[in-house]
Structures are given as structure tokens and as C-alpha cells.
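> Below you'll find the structure I mean.
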Amino acid sequence: MVLDSSDDKDYDEADLKVEHRKDHAAGPTAVAVSMKRALGHMGVKRTAQTLLKLNQLEGFDCMSCAWPDPDPGHRHTAEFCENGAKAVAEEATTARATPDFFAAHSIAELDSHTELWLGQQGRITHPMVKRPGATHYTEIAWDEAFSLIGDHLKSLDPDQAIFYTSGRASNEAAFAYQLFVRAYGTNNLPDCSNMCHESTSIALQESIGIGKASVSIDDVHHAKLLILAGQNPGTNHPRMLSALEIAKANGAKIISINPLREAGLVRFKNPQTPKGVVGRGTELSDLHLPIRINGDLALFQAVGALLTGWDAVDHDFIERYTTGFDAWKTHVGAIDWDFVTTTTGLSRDQITEMATMIRDSDATVWCWAMGLTQHHNAVATIKEVVNLALIRGDIGKPGAGVFPVRGHSNVQGDRTMGIWERPPASFLDSLQKEFGFDPPRENGLDTVDSIRALRDGKAHFFLGLGGNFVQAVPDTDVIVEAFRHTAMTVHISTKLNRSHLTPGHTALILPTKGRTEKDVQASGPQWISVEDSTCVVHASRGPLKPASEHLKSEVEIISRIAEATIGDRYGLQWKAMRDNYSVIRTHISRVVPGCEAYEVNVHTPGGYVMPHPPRDSRTFPTASGKGEIVVSPVDVLQVPPKHLILQTLRSHDQFNTTIYGLSDRYRGIEGGRRVVFLHRDDITDLGFHDGDYVDLQTRWDGDDHERVAERFRIVEYDTPRGSAAAYYPETNPLVPLDSTAVGSNCPTSKSIVIELLRSGAQDPYDSRSGEGRTDGQDAVGSDWTHKSDPQPLHLS
């Protein structure tokens, strides 16, 4: 469903329909949906100008995922997926949110609308300010906006300010941003990695010495076996399906491990081939394991027990390149199989079949995504995946390796450029050498700790470089209140979102150019660079005239804020950097490891590959100098009777918190989003029926806050007993701020213990939030807290 941006009428869920779910991804329908959305938002000319340049050598990088591009000689004319087309249409829309729009709508009125409606209002055309006590945003001149920000920052201790980054920022913007923040005097640089792949970064850093994938796209194409754990490529990174199709054609087998049997794990109908248009397409998973939520750690340890029991390990690799094998072998050898089958919901035969396929493969690519990273035991689980890759010798081997599949377009590049609250000393040393100042050495605040600081009045300023922070983070009510008590909030944005509508006492929206738009500075046309999930860095150039003459690039906005805040402190040449981005890239080449000759290398057709010692030479920059095979206790979530574990997930019609429409056709949901997917036996045992409406409730040991998300329609689905699934951001209010992964502090958005409450059928329904609980709701099952449970609930 796409709304007319000129229509103040919002959507409701009265027309929500549950239809037959699909057994394949893509196909002609994907093409039709892509074109309908693109033409509806952009028109014929802009559609051609953008989509034909998307992911091309002289074009611009897609903002909807970080999947690597094929080799230059193997790119299609249409080198994009359905969700890429939707993302471009959202940014390149012809709709505009002008100062007149903001004058006509108060902040409170705008906040009453849904996220979908907000996004349909179009590109923000002018810088806007909400002054203390005001009810509306009004236009502000750029110079005054920068002065307001600079004056406020100069009044603070630097550690009282938070500087957030979304994964859409370019490498050039990210480098300039972290340089400004550290020159200002803090490492408070949380980013979206803290909420998604932070567990990956920590686990890989400790196990192999670098927190990135050890594979190339060519390795995916030539793997003998691919393991897809906790990911849904059909919706979250659809271009992966083309790579899986190539791998299958080359003889690969695929194991998928996921509570839901998603369409993109079953079959792919490639719309660029006759087989995908009129035929059945390509069967994907040779083995699907419908694992219970949070059962992955037990599964991988059980597989390790089988492989070591069969002596199906690479002894030479283990001896030369690893440490810790003997202790780990003893640990997994003592696994309790009854515990494993109960925890995973899988039979021993199913697990044995998986282990047999691994044993018979001499080149395996181990892929994972949010289904593994957002649990209390996420770091341990990912280390267990790495353990299996190490004992099989799957690091530094063609067609093999570990592959965390990133969801945001440049989230990996941002981290490479220094966007991290815990920067390594070597990076800070390089900054000091290049710019002549000693950056702060104490770790800053990550996303969760930043929210705590804002909540507790220890931080008084928030700047968001992209993203929709309020809707992306856990415990939504907490950050809403925290923002409203913050002295100043600033958002560098392209379109209106919820974060703008929970403003600080003073709030600014600074409209920026997008990936699709030309960026011309004093020295002429500029280009930017990004890094994909396989460590390939390449250039990006937008083809369109900017949506407004008043827009500024991310680099220009950052540099102007820096000038207003720290001036010429340390002799930093902010004007030179924004006038010509090659100045930034020269600095990058001297500061960031692996970026030597950056300006030249990024111009390599198809990009250039960043160094990765384990992949390149089987050298491991760990404490031991070897790959670390690590023993982890099997820590699983204990769930009280009559409760379920909820995982939050995306609809097919969204990208992160951006809602494109109301069609999740792969799962058979049309016209709405407030649904909860449950096993039929759980529905019956809890006293409900398919189609009933329920409220989702959770409590967190240690606080008295009752978290409720209201009025979700029950949808019977093929998912393991005890498991539930529902869309975010609607369910983010249920994720306790203090429920995080051990070691990474990543929110546990895939491990929320909930109970179902019968929803009052006649009560008014607020389609945006879970506020205002109604009377007359009957709880199903008993209340619970951590303290009362005989086995502590491992959620914090």
C-alpha cells in the first residue's frame, strides 16, 4: 500500500488480510512491484536515471544492503533487487516536505501518524528548528543552525554529548565525523552496529583477530556447502539469492537454520532468467532446520561433538594455525543429547544429517545474521560457528570462510573509518600522528549506554548522522522520554521520521543529500566510497539533481558543525575537506590500516579488497597469534510455563525502520503489520484461536515497568513450539534496555520472553504505539520475574 503524500489520511489495519504464504522468492512479481513503486514515487525519467545506475561501475551504491557486487564483467543491466528499487524510490521520490508542510502540522499531530505515513511525505527541503516551548518546526538558516549547535556543544563537557551514526553514511563522511568528535574530546560514537552485528565484531575479533568476513563473492559462488544461520536473504539481502543460485549451479549444497521456513530459503525465481520467469526457479535449501529460538549454541556444539567423534577435522590446520582444540574437544564431547534436542527442537537425526554434510564438504562458507547476534549468548554462539570453521580448516581456503552478512549499506565501512566507541590504540595513534593532537583514550558510550546517559541526565546533546534512532533502539518509551528531556537533539536526515517528533528542548533537522544525488563542491563534482560485507571498497556517484537547492552533503554538514564548535583547533582544514573529498581520502590513506593509496585503489573497476590476514595468509592477529578455539558453556534462555520467546523481524515491505508499504507477501500478510506468528499448538494451549487479537507483554527483573505492545492479530505459522515472531519497530517497546548480549551489549531483540493477554476487541486502537492499555484484559498464564524463577532467566 502506497499513500498519496498529499493526503493527511493515515492507514489503519481494518483491511489486514492473511493469505497463502509463498514458497519462493522474487520472480516476475518482484519486477512488477519494483516498477510500480519506482514509477509511482519517481516517474519514468527518474526511474531510468536511477535504477540503471544502481550498483553499476560508474553509478551509485544501493543503500538497502551491503551485499557485494559481482565482478565488473558479470553485472546485469538491472543489478538490483526489489528492495533496492524500493529504497531508491523512497530517496528519489518527487514528494517534498517543505516549510509550509511543517507550518501546517504540529509536532504532536505528526507524532500521531504512523511511520509509513511519515515516510510518504517526501524529502525535507530546508533546515528546520524546534525552539524551546514551540509546537512546530520552523525554517532556520544554515548559518544560524550551525551556530546554535556549536554554541551548545561549547557549553558542555564533551562526554555529555552523543554522536550516533547510521550505516548509510559514506566512508568520507564517517572519517570526517569521527575526526571532529575526537578533536572535540570524546569517544561517544555509538552506531547501528551496536544493535545488530556488534556480537559478530567482538566474537570474530577475539577468535580470529579481525571482525569481518573472510570470504569473497567468488568464494560464495564456488563453495561446496553454504550454511545460512539466522538469516532471511529473500527479504533482508535479496541479491544474495543470485549468488546462491550460482553456487547451486556449481554443485553446492545449502543448509538453512532458522525458526521460520522463509520463502528466500526455499526457492528462488530469478526474474532475469527464463527459468525464473516461466519455470520453477532454483531450489535452495537441501536441508532446513527449524530451530527453536536461542537453540543455536547447543546445535553448533552438538555438531562439534559429532565431527570430533568421527575425527572429521583438519589436523594439519589445527596444529599449525589454532590453539585450544583439546579443551574444546573435551567440552563438546560431553554434550547432553537430551538437552540438545529439547533446546533446539531438532532430532538427533536432523543434527547428524547437518554434521554429515559438513563432514563431506571440503569448502564450507558459514553465513549468519541477526538471528544469531541478538541473544544473551550471541558472542558465544558466533565463537562456536568459528570453532567449527577452524577445526575444518575453512579459513584462508578458496570457497570457504566465515561470512557475517551485514544488513546496512556501509555499516562495515563506518567501523573501518573509526566509528566506534572502543577504538583500538593503534588507530588513535595514527590519528595523533596525522593531525597533531592526542585523541581521547577512554572508551566512549555505545548505543545502550548512550540511552542510559540521556535517560539519567548525564548527556545533554544528541546528534544523529542518519537513521531513526527512536524507532531503532530497544525500550522505545525510555528513549522517547530521554529525548524530550535532552537540551538539544540534531538529526542529519533526508526524510521525516519518528526521531524528529520526540525532540529535545531545542531540536534541529538538517536535510542532507542522498546517495542518488549529485554532490558538487567548490572543486567540482564529488564522489564517495563505501565498503561491502566482503571488505570490498568502491566508489559511488549519484545521478540526480538534489531534491532542493538548500540541501547540503553529509561531509559539508559535519565540517560546518566542526567549524562552529572547535574552529581551527589543531589546524584541522575543514573547508579543504568539504571543498574536495580527495583531501579526506588522503588523510584516510595515512590513518586507516589497509587504505594506503586509497584515492587510486578505490578507482579500481569493481573496487579494491581491504586486507584480511586470516583470509590472505592464515595469520591471526589475536593474543596468541593463532585462531582461538574457545570453550563456551551452553547458556540458554529458560522460559516459564505459558510464555513464549519472541523474535523481532522485518516485513518484506521495509528496510530497518523505514516502512515501504503493508505487503509482506512472502509470509501472506497484506494490509497491516501488527501480527504475531505462532505455532498452532501454542495457540490452542494458550486458549486462543487463529485470528484472535492479543497484547504482548514482558517484564524485566529489576524494574517494575510493564512493557506492553497492543493488539496483535494471531497468525498460525510453521514455527517451532514456544517461538513467536512479530515485526519491529512495533515490538521494540518490549525489548528491555538492560537485556543485552554478554560481551557486546547488543540488545536481545531475538530473545524476548512474552506472555499473551487477551485484547479488548472494542477498544480504540492506536496503530503507532502500545500506549494506553485498556481495561478488561485477561492474562493467560501466571506472572513471572527473574527472581522467582528457579533457573535464572539469562536475559541481561
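Labels used: A, B, ... for chains in the order of the C-alpha cells, numbers from 1 for residues in each chain, and numbers from 1 for ligands as shown.
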When DSSP is applied to the backbone of this structure, which of segment 228-414 of chain A are assigned strand (DSSP E)? Write them out as a PDB file with N, CA, C and O atoms, in the first residue's frame.

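To be explicit, this is the file written out as states.pdb:
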```
ATOM      1  N   LEU A 228      23.471 -21.198   6.180  1.00  0.00           N
ATOM      2  CA  LEU A 228      22.786 -19.925   6.388  1.00  0.00           C
ATOM      3  C   LEU A 228      22.069 -20.000   7.727  1.00  0.00           C
ATOM      4  O   LEU A 228      21.031 -20.657   7.847  1.00  0.00           O
ATOM      5  N   ALA A 229      22.627 -19.351   8.734  1.00  0.00           N
ATOM      6  CA  ALA A 229      22.095 -19.451  10.086  1.00  0.00           C
ATOM      7  C   ALA A 229      21.507 -18.119  10.528  1.00  0.00           C
ATOM      8  O   ALA A 229      22.182 -17.093  10.486  1.00  0.00           O
ATOM      9  N   LYS A 253      25.723 -27.400  -1.937  1.00  0.00           N
ATOM     10  CA  LYS A 253      24.549 -27.710  -1.128  1.00  0.00           C
ATOM     11  C   LYS A 253      24.358 -26.583  -0.117  1.00  0.00           C
ATOM     12  O   LYS A 253      25.307 -25.875   0.219  1.00  0.00           O
ATOM     13  N   ILE A 254      23.126 -26.432   0.364  1.00  0.00           N
ATOM     14  CA  ILE A 254      22.800 -25.356   1.293  1.00  0.00           C
ATOM     15  C   ILE A 254      22.052 -25.928   2.488  1.00  0.00           C
ATOM     16  O   ILE A 254      21.112 -26.719   2.328  1.00  0.00           O
ATOM     17  N   ILE A 255      22.504 -25.536   3.679  1.00  0.00           N
ATOM     18  CA  ILE A 255      21.795 -25.824   4.922  1.00  0.00           C
ATOM     19  C   ILE A 255      21.251 -24.502   5.449  1.00  0.00           C
ATOM     20  O   ILE A 255      22.007 -23.543   5.618  1.00  0.00           O
ATOM     21  N   SER A 256      19.967 -24.434   5.733  1.00  0.00           N
ATOM     22  CA  SER A 256      19.390 -23.243   6.346  1.00  0.00           C
ATOM     23  C   SER A 256      18.938 -23.577   7.763  1.00  0.00           C
ATOM     24  O   SER A 256      18.351 -24.633   8.007  1.00  0.00           O
ATOM     25  N   ILE A 257      19.259 -22.671   8.687  1.00  0.00           N
ATOM     26  CA  ILE A 257      18.931 -22.856  10.104  1.00  0.00           C
ATOM     27  C   ILE A 257      18.158 -21.626  10.535  1.00  0.00           C
ATOM     28  O   ILE A 257      18.720 -20.539  10.657  1.00  0.00           O
ATOM     29  N   ARG A 267      13.105 -21.424  -2.384  1.00  0.00           N
ATOM     30  CA  ARG A 267      13.277 -21.440  -3.841  1.00  0.00           C
ATOM     31  C   ARG A 267      13.413 -20.022  -4.350  1.00  0.00           C
ATOM     32  O   ARG A 267      12.794 -19.088  -3.814  1.00  0.00           O
ATOM     33  N   PHE A 268      14.246 -19.848  -5.365  1.00  0.00           N
ATOM     34  CA  PHE A 268      14.499 -18.528  -5.952  1.00  0.00           C
ATOM     35  C   PHE A 268      14.121 -18.568  -7.418  1.00  0.00           C
ATOM     36  O   PHE A 268      14.614 -19.394  -8.190  1.00  0.00           O
ATOM     37  N   LYS A 269      13.229 -17.632  -7.810  1.00  0.00           N
ATOM     38  CA  LYS A 269      12.874 -17.491  -9.217  1.00  0.00           C
ATOM     39  C   LYS A 269      13.535 -16.217  -9.723  1.00  0.00           C
ATOM     40  O   LYS A 269      13.046 -15.107  -9.497  1.00  0.00           O
ATOM     41  N   THR A 282      15.088 -22.035  -8.856  1.00  0.00           N
ATOM     42  CA  THR A 282      16.147 -22.847  -8.266  1.00  0.00           C
ATOM     43  C   THR A 282      15.792 -23.222  -6.836  1.00  0.00           C
ATOM     44  O   THR A 282      15.514 -22.353  -6.007  1.00  0.00           O
ATOM     45  N   GLU A 283      15.765 -24.524  -6.557  1.00  0.00           N
ATOM     46  CA  GLU A 283      15.583 -24.985  -5.182  1.00  0.00           C
ATOM     47  C   GLU A 283      16.834 -24.610  -4.394  1.00  0.00           C
ATOM     48  O   GLU A 283      17.952 -24.838  -4.845  1.00  0.00           O
ATOM     49  N   LEU A 287      18.807 -28.855   3.142  1.00  0.00           N
ATOM     50  CA  LEU A 287      18.391 -29.248   4.481  1.00  0.00           C
ATOM     51  C   LEU A 287      17.958 -27.986   5.216  1.00  0.00           C
ATOM     52  O   LEU A 287      18.729 -27.027   5.317  1.00  0.00           O
ATOM     53  N   HIS A 288      16.719 -27.995   5.711  1.00  0.00           N
ATOM     54  CA  HIS A 288      16.256 -26.872   6.533  1.00  0.00           C
ATOM     55  C   HIS A 288      16.050 -27.367   7.954  1.00  0.00           C
ATOM     56  O   HIS A 288      15.368 -28.372   8.180  1.00  0.00           O
ATOM     57  N   LEU A 289      16.633 -26.650   8.917  1.00  0.00           N
ATOM     58  CA  LEU A 289      16.495 -26.998  10.325  1.00  0.00           C
ATOM     59  C   LEU A 289      15.684 -25.909  11.032  1.00  0.00           C
ATOM     60  O   LEU A 289      16.195 -24.812  11.273  1.00  0.00           O
ATOM     61  N   THR A 322      45.891 -22.977  15.030  1.00  0.00           N
ATOM     62  CA  THR A 322      44.906 -22.764  16.090  1.00  0.00           C
ATOM     63  C   THR A 322      45.464 -23.110  17.464  1.00  0.00           C
ATOM     64  O   THR A 322      46.503 -23.753  17.597  1.00  0.00           O
ATOM     65  N   THR A 323      44.726 -22.698  18.471  1.00  0.00           N
ATOM     66  CA  THR A 323      45.005 -23.074  19.853  1.00  0.00           C
ATOM     67  C   THR A 323      43.678 -23.347  20.551  1.00  0.00           C
ATOM     68  O   THR A 323      42.645 -22.803  20.162  1.00  0.00           O
ATOM     69  N   THR A 364      33.482 -24.965   3.005  1.00  0.00           N
ATOM     70  CA  THR A 364      32.195 -24.522   3.534  1.00  0.00           C
ATOM     71  C   THR A 364      32.237 -23.036   3.858  1.00  0.00           C
ATOM     72  O   THR A 364      33.196 -22.558   4.475  1.00  0.00           O
ATOM     73  N   VAL A 365      31.201 -22.319   3.447  1.00  0.00           N
ATOM     74  CA  VAL A 365      31.029 -20.916   3.833  1.00  0.00           C
ATOM     75  C   VAL A 365      29.969 -20.872   4.926  1.00  0.00           C
ATOM     76  O   VAL A 365      28.861 -21.376   4.753  1.00  0.00           O
ATOM     77  N   TRP A 366      30.340 -20.250   6.053  1.00  0.00           N
ATOM     78  CA  TRP A 366      29.485 -20.178   7.236  1.00  0.00           C
ATOM     79  C   TRP A 366      28.878 -18.778   7.318  1.00  0.00           C
ATOM     80  O   TRP A 366      29.572 -17.813   7.661  1.00  0.00           O
ATOM     81  N   CYS A 367      27.604 -18.653   6.998  1.00  0.00           N
ATOM     82  CA  CYS A 367      26.924 -17.348   6.970  1.00  0.00           C
ATOM     83  C   CYS A 367      25.994 -17.208   8.172  1.00  0.00           C
ATOM     84  O   CYS A 367      25.380 -18.181   8.604  1.00  0.00           O
ATOM     85  N   TRP A 368      25.863 -15.979   8.665  1.00  0.00           N
ATOM     86  CA  TRP A 368      24.874 -15.712   9.714  1.00  0.00           C
ATOM     87  C   TRP A 368      24.489 -14.245   9.698  1.00  0.00           C
ATOM     88  O   TRP A 368      25.155 -13.401   9.104  1.00  0.00           O
ATOM     89  N   GLY A 401      34.974 -20.062   4.366  1.00  0.00           N
ATOM     90  CA  GLY A 401      35.240 -18.951   5.272  1.00  0.00           C
ATOM     91  C   GLY A 401      34.033 -18.586   6.100  1.00  0.00           C
ATOM     92  O   GLY A 401      32.955 -19.196   5.987  1.00  0.00           O
ATOM     93  N   VAL A 402      34.215 -17.590   6.964  1.00  0.00           N
ATOM     94  CA  VAL A 402      33.123 -17.090   7.805  1.00  0.00           C
ATOM     95  C   VAL A 402      32.563 -15.827   7.161  1.00  0.00           C
ATOM     96  O   VAL A 402      33.290 -14.988   6.651  1.00  0.00           O
ATOM     97  N   PHE A 403      31.228 -15.692   7.206  1.00  0.00           N
ATOM     98  CA  PHE A 403      30.577 -14.631   6.444  1.00  0.00           C
ATOM     99  C   PHE A 403      29.408 -14.048   7.230  1.00  0.00           C
ATOM    100  O   PHE A 403      28.259 -14.450   7.043  1.00  0.00           O
ATOM    101  N   PRO A 404      29.676 -13.078   8.123  1.00  0.00           N
ATOM    102  CA  PRO A 404      28.570 -12.320   8.707  1.00  0.00           C
ATOM    103  C   PRO A 404      27.971 -11.409   7.643  1.00  0.00           C
ATOM    104  O   PRO A 404      28.665 -10.551   7.098  1.00  0.00           O
TER     105      PRO A 404
END
```
> For Ile659 of chain A, which of A:Thr373, A:Asn497, A:Thr330, A:Thr622 is the closest residue, counting only C-alpha atoms?
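Closest residue, counting only C-alpha atoms: A:Asn497.
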> Which residue is closest to Ile358 of chain A? Choose from A:Phe317, A:Pro543, A:Lys518, A:Ala312 and count only C-alpha atoms.
A:Ala312
> Taking the backbone alone, and naming residues the way the document does, which bits of segment 355-526 of chain A are alpha helix (DSSP H) by DSSP, as a VMD selection string?
chain A and resid 355 to 359 370 to 373 378 to 391 411 to 416 425 to 435 447 to 455 469 to 472 476 to 484
> Would you save the residues of that selection, restricted to C-alpha atoms, as a PDB file, in the first residue's frame?

```
ATOM      1  CA  ALA A 355      27.120 -32.739  10.539  1.00  0.00           C
ATOM      2  CA  THR A 356      27.402 -35.321   7.749  1.00  0.00           C
ATOM      3  CA  MET A 357      27.021 -32.628   5.088  1.00  0.00           C
ATOM      4  CA  ILE A 358      29.755 -30.585   6.786  1.00  0.00           C
ATOM      5  CA  ARG A 359      31.996 -33.645   7.041  1.00  0.00           C
ATOM      6  CA  MET A 370      20.675 -11.118  13.237  1.00  0.00           C
ATOM      7  CA  GLY A 371      19.172 -14.463  14.188  1.00  0.00           C
ATOM      8  CA  LEU A 372      22.490 -15.276  15.864  1.00  0.00           C
ATOM      9  CA  THR A 373      23.678 -11.853  17.012  1.00  0.00           C
ATOM     10  CA  ALA A 378      25.273 -14.319  20.928  1.00  0.00           C
ATOM     11  CA  VAL A 379      29.039 -13.851  21.261  1.00  0.00           C
ATOM     12  CA  ALA A 380      29.463 -17.433  22.470  1.00  0.00           C
ATOM     13  CA  THR A 381      27.249 -18.720  19.643  1.00  0.00           C
ATOM     14  CA  ILE A 382      29.265 -16.948  16.959  1.00  0.00           C
ATOM     15  CA  LYS A 383      32.507 -18.175  18.508  1.00  0.00           C
ATOM     16  CA  GLU A 384      31.063 -21.671  18.219  1.00  0.00           C
ATOM     17  CA  VAL A 385      30.486 -21.142  14.497  1.00  0.00           C
ATOM     18  CA  VAL A 386      34.100 -20.000  14.181  1.00  0.00           C
ATOM     19  CA  ASN A 387      35.243 -23.043  16.173  1.00  0.00           C
ATOM     20  CA  LEU A 388      33.664 -25.301  13.549  1.00  0.00           C
ATOM     21  CA  ALA A 389      35.188 -23.307  10.698  1.00  0.00           C
ATOM     22  CA  LEU A 390      38.612 -23.554  12.353  1.00  0.00           C
ATOM     23  CA  ILE A 391      38.534 -27.285  13.027  1.00  0.00           C
ATOM     24  CA  VAL A 411      27.908  -0.136   8.343  1.00  0.00           C
ATOM     25  CA  GLN A 412      31.173  -2.054   7.906  1.00  0.00           C
ATOM     26  CA  GLY A 413      32.872   0.898   6.223  1.00  0.00           C
ATOM     27  CA  ASP A 414      31.837   3.239   9.027  1.00  0.00           C
ATOM     28  CA  ARG A 415      33.584   0.997  11.545  1.00  0.00           C
ATOM     29  CA  THR A 416      36.675   0.778   9.335  1.00  0.00           C
ATOM     30  CA  ALA A 425      45.027   2.347  20.479  1.00  0.00           C
ATOM     31  CA  SER A 426      46.766   1.876  17.128  1.00  0.00           C
ATOM     32  CA  PHE A 427      44.013   3.830  15.353  1.00  0.00           C
ATOM     33  CA  LEU A 428      44.216   6.669  17.863  1.00  0.00           C
ATOM     34  CA  ASP A 429      47.997   6.696  17.496  1.00  0.00           C
ATOM     35  CA  SER A 430      47.611   7.115  13.738  1.00  0.00           C
ATOM     36  CA  LEU A 431      45.166   9.991  14.239  1.00  0.00           C
ATOM     37  CA  GLN A 432      47.626  11.668  16.565  1.00  0.00           C
ATOM     38  CA  LYS A 433      50.452  11.272  14.064  1.00  0.00           C
ATOM     39  CA  GLU A 434      48.402  12.605  11.148  1.00  0.00           C
ATOM     40  CA  PHE A 435      46.666  15.553  12.830  1.00  0.00           C
ATOM     41  CA  THR A 447      24.073   2.742  21.900  1.00  0.00           C
ATOM     42  CA  VAL A 448      22.627   1.166  25.044  1.00  0.00           C
ATOM     43  CA  ASP A 449      24.875   3.165  27.361  1.00  0.00           C
ATOM     44  CA  SER A 450      24.095   6.355  25.432  1.00  0.00           C
ATOM     45  CA  ILE A 451      20.386   5.833  26.097  1.00  0.00           C
ATOM     46  CA  ARG A 452      21.135   5.319  29.772  1.00  0.00           C
ATOM     47  CA  ALA A 453      23.190   8.526  29.846  1.00  0.00           C
ATOM     48  CA  LEU A 454      20.387  10.504  28.185  1.00  0.00           C
ATOM     49  CA  ARG A 455      17.801   8.941  30.490  1.00  0.00           C
ATOM     50  CA  PHE A 469      17.234   6.333  16.469  1.00  0.00           C
ATOM     51  CA  VAL A 470      13.995   6.382  18.461  1.00  0.00           C
ATOM     52  CA  GLN A 471      12.446   3.610  16.368  1.00  0.00           C
ATOM     53  CA  ALA A 472      15.618   1.535  16.053  1.00  0.00           C
ATOM     54  CA  THR A 476      11.123   2.773  22.987  1.00  0.00           C
ATOM     55  CA  ASP A 477       9.347   4.552  25.836  1.00  0.00           C
ATOM     56  CA  VAL A 478      12.670   5.104  27.612  1.00  0.00           C
ATOM     57  CA  ILE A 479      14.369   6.855  24.696  1.00  0.00           C
ATOM     58  CA  VAL A 480      11.248   8.902  23.915  1.00  0.00           C
ATOM     59  CA  GLU A 481      11.250  10.325  27.431  1.00  0.00           C
ATOM     60  CA  ALA A 482      15.022  10.746  27.398  1.00  0.00           C
ATOM     61  CA  PHE A 483      14.967  12.724  24.136  1.00  0.00           C
ATOM     62  CA  ARG A 484      12.210  15.010  25.390  1.00  0.00           C
TER      63      ARG A 484
END
```
> Atom CA of Thr489 of chain A to atom CA of Ser749 of chain A: how many Å, to one decimal?
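According to the coordinates, atom CA of Thr489 of chain A and atom CA of Ser749 of chain A are separated by 25.5 Å.
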> I'd like the contact shell of Ala507 of chain A - 7 Å cut-off, only C-alpha atoms, skipping same-chain residues fewer than 3 positions apart - returned as a VMD selection string.
chain A and resid 129 to 131 488 to 490 503 to 504
> With distances taken over only C-alpha atoms, which residue among A:Tyr660, A:Phe60, A:Phe180, A:Phe300 lies nearest Trp117 of chain A?
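When distances to Trp117 of chain A are compared using only C-alpha atoms, the smallest one comes from A:Tyr660.
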> Neighbours of Ala363 of chain A within 6 Å (only C-alpha atoms; same-chain residues fewer than 4 positions away dropped), as a VMD selection string?
chain A and resid 223 to 224 399 to 400
> Output N, CA and C atoms for every residue in the selection just made, as a tab-separated table (two decimals), in the first residue's frame.

```tsv
chain	number	residue	atom	x	y	z
A	223	ALA	N	31.70	-22.39	-3.26
A	223	ALA	CA	31.65	-23.21	-2.05
A	223	ALA	C	31.02	-24.57	-2.37
A	224	LYS	N	31.44	-25.57	-1.62
A	224	LYS	CA	30.80	-26.89	-1.73
A	224	LYS	C	29.56	-26.97	-0.84
A	399	GLY	N	36.67	-20.86	-1.58
A	399	GLY	CA	35.34	-21.44	-1.45
A	399	GLY	C	34.91	-21.68	-0.02
A	400	ALA	N	35.60	-21.07	0.93
A	400	ALA	CA	35.29	-21.33	2.34
A	400	ALA	C	35.53	-20.07	3.15
```
